[in-house]
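J.: Quick one: the structure is below, questions incoming.
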Amino acid sequence: MSIPTLQQPSLHGKTVLITGAASGLGAALARRLAASGAGIFGVDLQAARLADSMAQLRELGVQAHALGVDITDPGAAQRVVAHAVDVLGRLDILVNNAGTDVTLPIAELPDADWLRVVGTNLSAPFLLSKYAAAAMRRQGGGQIVNIASTAAKRAWPNASAYHASKWGLLGLSHALHAELRSENIRVTAVIAGGMRTPFLLERFPDLDADTLQDPADVADAIHSVLVLPPTTVVAELTVLPLRETSWP
């Protein structure tokens, strides 16, 4: 009696829109999901770096398109989703990954920086989810992944804008999970602990990189959620470095 070969679940035939796809977790996600067979539409402010990354993905034999854009610009979200659907033919998965921070005490935080952080980390995911959900609704369903942070569960000084945006993103994600699941749109919030990415290491060079996790490992965890059977949804996923001692 032969033992049947188990087929690894894949995203073959699926299409994915990823914001912040030029570096860090966004780039790792683009590579992981492309390796699983998905077509990728990457969005980032770093247009040249993004174009190089998408060119490398095309060598895997998948569609990979780049759009350099500031997702906080008025009307950008609607244009981005429409462009993604136009070039990919459909939109199965949206990953709201782009994020930014300005680390300053509230007394020193310029109004414009508050608006930029909240615009990037919270307002843009809301608008992208709104227009992506409309496209998914027309095709019968889809998935939305919102990359939050342990900063959505706790707080430290000099990060008021970041905490407000990430706590807000977590709340938005759970609200969309409750609202959209009846329309076959699955929404997942990812609470990601510290990763070895430019977002952290370039701003805090004294961090011990050995205590952080590889963004590729977080991408693997997110991939495992995306390939679950369509009858199952993970509303919240927490992925931490093993050596992160500040998390309970």
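Labels for the structure tokens follow display order: chains A, B, ..., residues from 1 in each chain, ligands from 1.
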Using only C-alpha atoms, which protein or nucleic acid residues come within 9 Å of stretch 110-116 of chain A? Drop anything in the same chain fewer than 2 positions from it, and give the result as a VMD selection string.
T.: chain A and resid 72 100 to 102 106 to 108 118 to 121 160 to 162
J.: Could the residues in this selection be written to a file with N, CA, C and O atoms, as a PDB file, in the first residue's frame?
T.:
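Saved result, out26.pdb, follows:
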```pdb
ATOM      1  N   THR A  72      -0.414  57.905   0.933  1.00  0.00           N
ATOM      2  CA  THR A  72      -1.157  58.898   1.709  1.00  0.00           C
ATOM      3  C   THR A  72      -1.695  60.030   0.831  1.00  0.00           C
ATOM      4  O   THR A  72      -2.458  60.868   1.322  1.00  0.00           O
ATOM      5  N   THR A 100       5.378  53.673   8.886  1.00  0.00           N
ATOM      6  CA  THR A 100       6.413  54.662   9.183  1.00  0.00           C
ATOM      7  C   THR A 100       6.275  55.097  10.636  1.00  0.00           C
ATOM      8  O   THR A 100       5.286  54.785  11.298  1.00  0.00           O
ATOM      9  N   ASP A 101       7.279  55.809  11.124  1.00  0.00           N
ATOM     10  CA  ASP A 101       7.268  56.265  12.510  1.00  0.00           C
ATOM     11  C   ASP A 101       8.149  57.497  12.629  1.00  0.00           C
ATOM     12  O   ASP A 101       9.089  57.692  11.852  1.00  0.00           O
ATOM     13  N   VAL A 102       7.830  58.345  13.571  1.00  0.00           N
ATOM     14  CA  VAL A 102       8.682  59.464  13.974  1.00  0.00           C
ATOM     15  C   VAL A 102       8.798  59.371  15.489  1.00  0.00           C
ATOM     16  O   VAL A 102       7.802  59.522  16.203  1.00  0.00           O
ATOM     17  N   ILE A 106       5.862  64.006  22.534  1.00  0.00           N
ATOM     18  CA  ILE A 106       4.695  64.689  21.977  1.00  0.00           C
ATOM     19  C   ILE A 106       4.932  66.197  21.873  1.00  0.00           C
ATOM     20  O   ILE A 106       4.462  66.851  20.919  1.00  0.00           O
ATOM     21  N   ALA A 107       5.685  66.773  22.809  1.00  0.00           N
ATOM     22  CA  ALA A 107       5.933  68.212  22.782  1.00  0.00           C
ATOM     23  C   ALA A 107       6.764  68.633  21.574  1.00  0.00           C
ATOM     24  O   ALA A 107       6.716  69.790  21.150  1.00  0.00           O
ATOM     25  N   GLU A 108       7.528  67.682  21.010  1.00  0.00           N
ATOM     26  CA  GLU A 108       8.414  67.995  19.900  1.00  0.00           C
ATOM     27  C   GLU A 108       7.920  67.439  18.562  1.00  0.00           C
ATOM     28  O   GLU A 108       8.549  67.677  17.525  1.00  0.00           O
ATOM     29  N   VAL A 118      -0.002  58.676  10.929  1.00  0.00           N
ATOM     30  CA  VAL A 118      -1.369  58.146  10.981  1.00  0.00           C
ATOM     31  C   VAL A 118      -1.903  57.906   9.565  1.00  0.00           C
ATOM     32  O   VAL A 118      -2.604  56.923   9.308  1.00  0.00           O
ATOM     33  N   GLY A 119      -1.535  58.780   8.632  1.00  0.00           N
ATOM     34  CA  GLY A 119      -1.976  58.598   7.257  1.00  0.00           C
ATOM     35  C   GLY A 119      -1.425  57.339   6.631  1.00  0.00           C
ATOM     36  O   GLY A 119      -2.142  56.610   5.927  1.00  0.00           O
ATOM     37  N   THR A 120      -0.159  57.061   6.878  1.00  0.00           N
ATOM     38  CA  THR A 120       0.476  55.862   6.308  1.00  0.00           C
ATOM     39  C   THR A 120       0.004  54.592   6.990  1.00  0.00           C
ATOM     40  O   THR A 120      -0.322  53.599   6.329  1.00  0.00           O
ATOM     41  N   ASN A 121      -0.027  54.608   8.322  1.00  0.00           N
ATOM     42  CA  ASN A 121      -0.250  53.377   9.087  1.00  0.00           C
ATOM     43  C   ASN A 121      -1.708  53.030   9.315  1.00  0.00           C
ATOM     44  O   ASN A 121      -2.019  51.877   9.621  1.00  0.00           O
ATOM     45  N   SER A 160       3.981  58.288  20.308  1.00  0.00           N
ATOM     46  CA  SER A 160       2.529  58.465  20.384  1.00  0.00           C
ATOM     47  C   SER A 160       1.848  58.249  19.045  1.00  0.00           C
ATOM     48  O   SER A 160       0.797  57.593  18.966  1.00  0.00           O
ATOM     49  N   ALA A 161       2.420  58.770  17.975  1.00  0.00           N
ATOM     50  CA  ALA A 161       1.797  58.615  16.654  1.00  0.00           C
ATOM     51  C   ALA A 161       1.810  57.158  16.220  1.00  0.00           C
ATOM     52  O   ALA A 161       0.818  56.644  15.684  1.00  0.00           O
ATOM     53  N   TYR A 162       2.925  56.491  16.450  1.00  0.00           N
ATOM     54  CA  TYR A 162       3.035  55.089  16.043  1.00  0.00           C
ATOM     55  C   TYR A 162       2.049  54.218  16.808  1.00  0.00           C
ATOM     56  O   TYR A 162       1.330  53.398  16.223  1.00  0.00           O
TER      57      TYR A 162
END
```
J.: May I have all residues of stretch 57-197 of chain A that DSSP, computed from the backbone, assigns to strand (DSSP E or B), given as an MDAnalysis selection string?
T.: chainID A and resid 64:68 93:96 142:147 185:192 195
J.: Would you work out the distance separating atom CA of A:Ala34 from atom CA of A:Leu172, expressed in Å to one decimal?
T.: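 Between atom CA of A:Ala34 and atom CA of A:Leu172 the gap works out to 27.2 Å.
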J.: Wanna dump the stretch 71-183 of chain A-stretch 18-29 of chain A contacts at 6 Å for me, each residue with its shortest atom pair and the distance in Å to one decimal, counting only C-alpha atoms, ordered by chain and number, as a tab-separated table?
T.:
```
residue	atom	partner	partner_atom	distance
A:Val95	CA	A:Ile18	CA	4.8
A:Asn96	CA	A:Thr19	CA	5.6
A:Asn97	CA	A:Thr19	CA	5.2
A:Ala98	CA	A:Gly20	CA	4.0
```
J.: Mind dumping a table of every stretch 117-182 of chain A residue within 9 Å of stretch 212-235 of chain A, with the nearest atom pair and its distance in Å to one decimal, using only C-alpha atoms, sorted by chain and rising number, as a tab-separated table?
T.:
```
residue	atom	partner	partner_atom	distance
A:Gln143	CA	A:Leu226	CA	7.6
A:Val145	CA	A:Ile222	CA	8.4
A:Ser173	CA	A:Ala235	CA	8.1
A:His174	CA	A:Ala235	CA	6.8
A:His177	CA	A:Ala235	CA	6.6
A:Arg181	CA	A:Val233	CA	8.6
```
J.: Filtering to N, CA and C atoms, could you give me those residues as a PDB file, in the first residue's frame?
T.:
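Okay, this is what ended up in out33.pdb:
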```
ATOM      1  N   GLN A 143      -8.993  38.107   0.636  1.00  0.00           N
ATOM      2  CA  GLN A 143      -8.352  38.182   1.939  1.00  0.00           C
ATOM      3  C   GLN A 143      -7.643  39.525   2.100  1.00  0.00           C
ATOM      4  N   VAL A 145      -4.851  41.346   4.817  1.00  0.00           N
ATOM      5  CA  VAL A 145      -3.926  41.167   5.936  1.00  0.00           C
ATOM      6  C   VAL A 145      -3.399  42.535   6.342  1.00  0.00           C
ATOM      7  N   SER A 173      -8.811  46.317  11.862  1.00  0.00           N
ATOM      8  CA  SER A 173      -8.749  44.962  11.325  1.00  0.00           C
ATOM      9  C   SER A 173      -9.828  44.069  11.919  1.00  0.00           C
ATOM     10  N   HIS A 174     -10.007  44.139  13.231  1.00  0.00           N
ATOM     11  CA  HIS A 174     -11.043  43.315  13.861  1.00  0.00           C
ATOM     12  C   HIS A 174     -12.447  43.770  13.436  1.00  0.00           C
ATOM     13  N   HIS A 177     -12.930  42.344  10.037  1.00  0.00           N
ATOM     14  CA  HIS A 177     -13.138  40.900  10.179  1.00  0.00           C
ATOM     15  C   HIS A 177     -14.606  40.609  10.489  1.00  0.00           C
ATOM     16  N   ARG A 181     -16.688  39.181   6.858  1.00  0.00           N
ATOM     17  CA  ARG A 181     -16.634  37.715   6.783  1.00  0.00           C
ATOM     18  C   ARG A 181     -17.887  37.136   6.137  1.00  0.00           C
TER      19      ARG A 181
END
```
J.: Could you name the residues that touch A:His65 at 8 Å or less, counting only C-alpha atoms, but leaving out those on the same chain fewer than 5 positions away, as a list in words?
T.: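 Result of the neighbour search: Ile40, Phe41, Gly42, Ala51 and Met54 of chain A.
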